[in-house]
$ cat run05.pdb   # PDB, C-alpha atoms and all ligand atoms
ATOM      1  CA  MET A  29      14.618  -0.467  -7.315
ATOM      2  CA  THR A  30      12.905   0.411  -4.091
ATOM      3  CA  ALA A  31      13.294  -2.131  -1.332
ATOM      4  CA  VAL A  32      10.200  -2.380   0.814
ATOM      5  CA  LEU A  33      10.852  -2.030   4.518
ATOM      6  CA  THR A  34      10.546  -5.134   6.702
ATOM      7  CA  LEU A  35       8.230  -4.246   9.575
ATOM      8  CA  GLY A  36       8.350  -7.338  11.795
ATOM      9  CA  VAL A  37       4.616  -8.093  11.518
ATOM     10  CA  PRO A  38       4.525 -11.321   9.477
ATOM     11  CA  GLU A  39       1.091 -10.746   7.918
ATOM     12  CA  MET A  40       2.094  -7.292   6.704
ATOM     13  CA  ASP A  41       5.577  -8.297   5.571
ATOM     14  CA  ALA A  42       4.311 -11.293   3.587
ATOM     15  CA  ASP A  43       1.848  -9.107   1.689
ATOM     16  CA  HIS A  44       4.424  -6.397   1.079
ATOM     17  CA  GLU A  45       6.843  -8.957  -0.364
ATOM     18  CA  ILE A  46       4.182 -10.136  -2.799
ATOM     19  CA  LEU A  47       3.573  -6.573  -3.936
ATOM     20  CA  GLU A  48       7.283  -5.865  -4.240
ATOM     21  CA  ALA A  49       7.698  -8.934  -6.442
ATOM     22  CA  MET A  50       4.868  -7.702  -8.658
ATOM     23  CA  PHE A  51       6.427  -4.250  -9.001
ATOM     24  CA  ASP A  52       9.750  -5.958  -9.783
ATOM     25  CA  ARG A  53       8.114  -7.469 -12.879
ATOM     26  CA  VAL A  54       7.342  -4.090 -14.479
ATOM     27  CA  GLU A  55      10.769  -3.652 -16.021
ATOM     28  CA  ALA A  56      10.720  -6.974 -17.890
ATOM     29  CA  THR A  57       7.054  -6.818 -18.892
ATOM     30  CA  ALA A  58       6.344  -6.191 -22.576
ATOM     31  CA  ASP A  59       4.512  -2.959 -23.411
ATOM     32  CA  GLY A  60       1.383  -4.834 -24.398
ATOM     33  CA  ASP A  61       1.234  -6.703 -21.097
ATOM     34  CA  LEU A  62       1.573  -3.698 -18.777
ATOM     35  CA  ALA A  63      -2.179  -3.171 -18.464
ATOM     36  CA  ALA A  64      -2.649  -6.774 -17.356
ATOM     37  CA  LEU A  65       0.156  -6.447 -14.818
ATOM     38  CA  PHE A  66      -1.459  -3.266 -13.519
ATOM     39  CA  GLY A  67      -4.680  -5.237 -13.099
ATOM     40  CA  GLU A  68      -2.863  -7.849 -11.009
ATOM     41  CA  ILE A  69      -1.166  -5.230  -8.824
ATOM     42  CA  ASP A  70      -4.373  -3.231  -8.409
ATOM     43  CA  ALA A  71      -6.297  -6.325  -7.246
ATOM     44  CA  GLU A  72      -3.503  -7.367  -4.881
ATOM     45  CA  VAL A  73      -3.240  -3.879  -3.353
ATOM     46  CA  ARG A  74      -7.001  -3.816  -2.710
ATOM     47  CA  ASP A  75      -6.955  -7.297  -1.139
ATOM     48  CA  HIS A  76      -3.890  -6.385   0.916
ATOM     49  CA  PHE A  77      -5.463  -3.185   2.255
ATOM     50  CA  ALA A  78      -8.598  -5.121   3.225
ATOM     51  CA  ARG A  79      -6.488  -7.705   5.105
ATOM     52  CA  GLU A  80      -4.502  -4.968   6.806
ATOM     53  CA  GLU A  81      -7.668  -3.147   7.861
ATOM     54  CA  THR A  82      -9.011  -6.355   9.402
ATOM     55  CA  LEU A  83      -5.768  -6.598  11.397
ATOM     56  CA  ILE A  84      -5.991  -2.924  12.383
ATOM     57  CA  ASP A  85      -9.572  -3.312  13.611
ATOM     58  CA  ALA A  86      -8.765  -6.526  15.480
ATOM     59  CA  HIS A  87      -6.094  -4.650  17.472
ATOM     60  CA  ASP A  88      -8.026  -1.392  17.861
ATOM     61  CA  LEU A  89      -5.243   0.693  16.347
ATOM     62  CA  PRO A  90      -5.685   4.259  17.689
ATOM     63  CA  ILE A  91      -4.897   5.773  14.284
ATOM     64  CA  ALA A  92      -7.129   3.374  12.355
ATOM     65  CA  HIS A  93      -9.000   6.316  10.801
ATOM     66  CA  CYS A  94      -5.750   7.836   9.551
ATOM     67  CA  HIS A  95      -4.477   4.532   8.186
ATOM     68  CA  LYS A  96      -7.708   3.728   6.382
ATOM     69  CA  THR A  97      -7.843   7.228   4.904
ATOM     70  CA  GLN A  98      -4.339   6.729   3.543
ATOM     71  CA  HIS A  99      -5.478   3.466   1.955
ATOM     72  CA  ALA A 100      -8.437   5.223   0.348
ATOM     73  CA  LEU A 101      -6.181   7.986  -1.005
ATOM     74  CA  LEU A 102      -3.798   5.406  -2.469
ATOM     75  CA  LEU A 103      -6.651   3.502  -4.088
ATOM     76  CA  GLY A 104      -7.724   6.826  -5.599
ATOM     77  CA  GLU A 105      -4.309   6.993  -7.267
ATOM     78  CA  PHE A 106      -4.829   3.473  -8.614
ATOM     79  CA  ASP A 107      -8.276   4.494  -9.887
ATOM     80  CA  ALA A 108      -6.792   7.544 -11.595
ATOM     81  CA  ALA A 109      -4.132   5.363 -13.231
ATOM     82  CA  ARG A 110      -6.802   3.611 -15.310
ATOM     83  CA  ALA A 111      -7.142   6.658 -17.576
ATOM     84  CA  VAL A 112      -3.399   6.693 -18.265
ATOM     85  CA  ILE A 113      -3.434   2.983 -19.009
ATOM     86  CA  ALA A 114      -6.436   3.360 -21.305
ATOM     87  CA  ALA A 115      -4.563   6.077 -23.240
ATOM     88  CA  GLY A 116      -1.967   3.433 -24.141
ATOM     89  CA  ASP A 117       1.347   5.308 -23.938
ATOM     90  CA  ALA A 118       3.667   2.515 -22.765
ATOM     91  CA  VAL A 119       6.394   4.886 -21.560
ATOM     92  CA  LYS A 120       3.944   6.733 -19.331
ATOM     93  CA  ILE A 121       2.282   3.521 -18.158
ATOM     94  CA  ARG A 122       5.627   1.937 -17.274
ATOM     95  CA  ARG A 123       6.699   5.006 -15.298
ATOM     96  CA  LEU A 124       3.326   5.262 -13.572
ATOM     97  CA  ILE A 125       3.330   1.650 -12.383
ATOM     98  CA  GLY A 126       7.048   1.067 -11.930
ATOM     99  CA  GLU A 127       7.923   4.382 -10.323
ATOM    100  CA  VAL A 128       4.965   6.505  -9.192
ATOM    101  CA  LEU A 129       2.606   3.848  -7.810
ATOM    102  CA  ARG A 130       5.513   1.813  -6.526
ATOM    103  CA  GLU A 131       6.911   4.794  -4.612
ATOM    104  CA  LEU A 132       3.502   5.671  -3.221
ATOM    105  CA  VAL A 133       3.104   2.136  -1.861
ATOM    106  CA  ALA A 134       6.677   2.100  -0.513
ATOM    107  CA  GLY A 135       6.099   5.483   1.132
ATOM    108  CA  HIS A 136       2.940   4.171   2.760
ATOM    109  CA  VAL A 137       4.821   1.149   4.121
ATOM    110  CA  ALA A 138       7.634   3.351   5.446
ATOM    111  CA  SER A 139       5.264   5.731   7.233
ATOM    112  CA  VAL A 140       1.806   4.744   8.418
ATOM    113  CA  ASP A 141       2.480   0.991   8.088
ATOM    114  CA  LEU A 142       5.684   1.414  10.094
ATOM    115  CA  VAL A 143       3.880   3.207  12.938
ATOM    116  CA  THR A 144       1.108   0.609  12.791
ATOM    117  CA  SER A 145       3.586  -2.275  12.963
ATOM    118  CA  ARG A 146       5.214  -0.782  16.058
ATOM    119  CA  PHE A 147       1.820  -0.633  17.748
ATOM    120  CA  LEU A 148       0.864  -4.162  16.647
ATOM    121  CA  SER A 149       4.142  -5.603  17.911
ATOM    122  CA  GLY A 150       3.786  -3.862  21.295
ATOM    123  CA  ASN A 151       6.618  -1.400  20.772
ATOM    124  CA  LEU A 152       4.397   1.653  20.815
ATOM    125  CA  GLY A 153       1.634   1.994  23.401
ATOM    126  CA  ALA A 154      -1.779   3.530  22.806
ATOM    127  CA  GLU A 155      -0.716   6.476  24.995
ATOM    128  CA  ALA A 156       1.774   7.479  22.291
ATOM    129  CA  PHE A 157      -1.141   8.478  20.109
ATOM    130  CA  GLY A 158      -2.607  10.896  22.689
ATOM    131  CA  ASN A 159      -5.878  12.298  21.433
ATOM    132  CA  LEU A 160      -5.420  11.289  17.818
ATOM    133  CA  ARG A 161      -8.585   9.196  17.802
ATOM    134  CA  LEU A 162     -11.618  10.618  16.095
ATOM    135  CA  PRO A 163     -14.213  11.861  18.608
ATOM    136  CA  ALA A 164     -16.711   9.187  19.607
ATOM    137  CA  GLU A 165     -19.980   9.519  17.733
TER     138      GLU A 165
HETATM  139 FE    FE B 201      -1.345   0.171   5.168
END
$ encode --input "run05.pdb" --output "structure tokens"
Amino acid sequence: MTAVLTLGVPEMDADHEILEAMFDRVEATADGDLAALFGEIDAEVRDHFAREETLIDAHDLPIAHCHKTQHALLLGEFDAARAVIAAGDAVKIRRLIGEVLRELVAGHVASVDLVTSRFLSGNLGAEAFGNLRLPAE
């Protein structure tokens, strides 16, 4: 089991705990219920990313573009998972949700979410990001 990192930003940590608890359910979920569990996780991930992006915008995170792009790429993986789920192979579905998607989310938390949390909690100043902002339009 992958333990999700605690970041010290309550809004982010609360959401990540909810997602972790959902991923924890994969192992005990019957084959026939995996698609429904995927639907729950997929909806929660989308809602979570939207909440996180509101937080990011409210604090003018210098790497907002990078963070949002990572969210979009992850949601692309969730979109792609629908074909595997529709094919109905429970072994593949279980591995996809319980290992692949779970690790992708955990990796996101441990990288771009971690950097974001340091900025949001005042432990990393905007100067640390140098010229990483997209050019002004
Ligand atoms: Fe994120």
$ closest_atom_pairs --input "run05.pdb" --of "chain A" --to "ligand FE 201 (chain B)" --cutoff "9 Å" --atoms "all atoms listed in the file" --output "tab-separated table"
residue	atom	partner	partner_atom	distance
A:Met40	CA	B:FE201	FE	8.4
A:His76	CA	B:FE201	FE	8.2
A:Phe77	CA	B:FE201	FE	6.1
A:Glu80	CA	B:FE201	FE	6.2
A:Glu81	CA	B:FE201	FE	7.6
A:His95	CA	B:FE201	FE	6.2
A:Lys96	CA	B:FE201	FE	7.4
A:Gln98	CA	B:FE201	FE	7.4
A:His99	CA	B:FE201	FE	6.2
A:Val133	CA	B:FE201	FE	8.5
A:His136	CA	B:FE201	FE	6.3
A:Val137	CA	B:FE201	FE	6.3
A:Ser139	CA	B:FE201	FE	8.9
A:Val140	CA	B:FE201	FE	6.4
A:Asp141	CA	B:FE201	FE	4.9
A:Leu142	CA	B:FE201	FE	8.7
A:Thr144	CA	B:FE201	FE	8.0
$ residues_near_point --input "run05.pdb" --point "(0.7, 2.3, 17.4)" --cutoff "12 Å" --atoms "only C-alpha atoms" --output "JSON, numbers by chain"
{"A": [84, 87, 88, 89, 90, 91, 92, 94, 95, 139, 140, 141, 142, 143, 144, 145, 146, 147, 148, 149, 150, 151, 152, 153, 154, 155, 156, 157, 158, 160, 161]}
$ residues_around --input "run05.pdb" --residues "region 46-56 of chain A" --least-positions-apart "4" --cutoff "7 Å" --atoms "all atoms listed in the file" --output "compact mmCIF listing (two decimals) with C-alpha atoms, in the coordinates of the input"
# COMPACT_ATOMS: atom_id res chain seq x y z
CA VAL A 32 10.20 -2.38 0.81
CA ALA A 42 4.31 -11.29 3.59
CA ILE A 69 -1.17 -5.23 -8.82
CA ARG A 122 5.63 1.94 -17.27
CA GLY A 126 7.05 1.07 -11.93
CA ARG A 130 5.51 1.81 -6.53
$ closest_residue --input "run05.pdb" --among "A:Val119, A:Ala31, A:Arg110, A:Asp43" --to "Arg79 (chain A)" --atoms "only C-alpha atoms"
A:Asp43
$ closest_residue --input "run05.pdb" --among "A:Ala58, A:Leu65, A:Val73, A:Ala138" --to "Leu102 (chain A)" --atoms "only C-alpha atoms"
A:Val73
$ atom_distance --input "run05.pdb" --atom1 "CA of Val128 (chain A)" --atom2 "CA of Gly67 (chain A)"
15.7 Å
$ closest_residue --input "run05.pdb" --among "A:Asp117, A:Thr82, A:Glu45, A:Glu131" --to "Asp59 (chain A)" --atoms "all atoms listed in the file"
A:Asp117
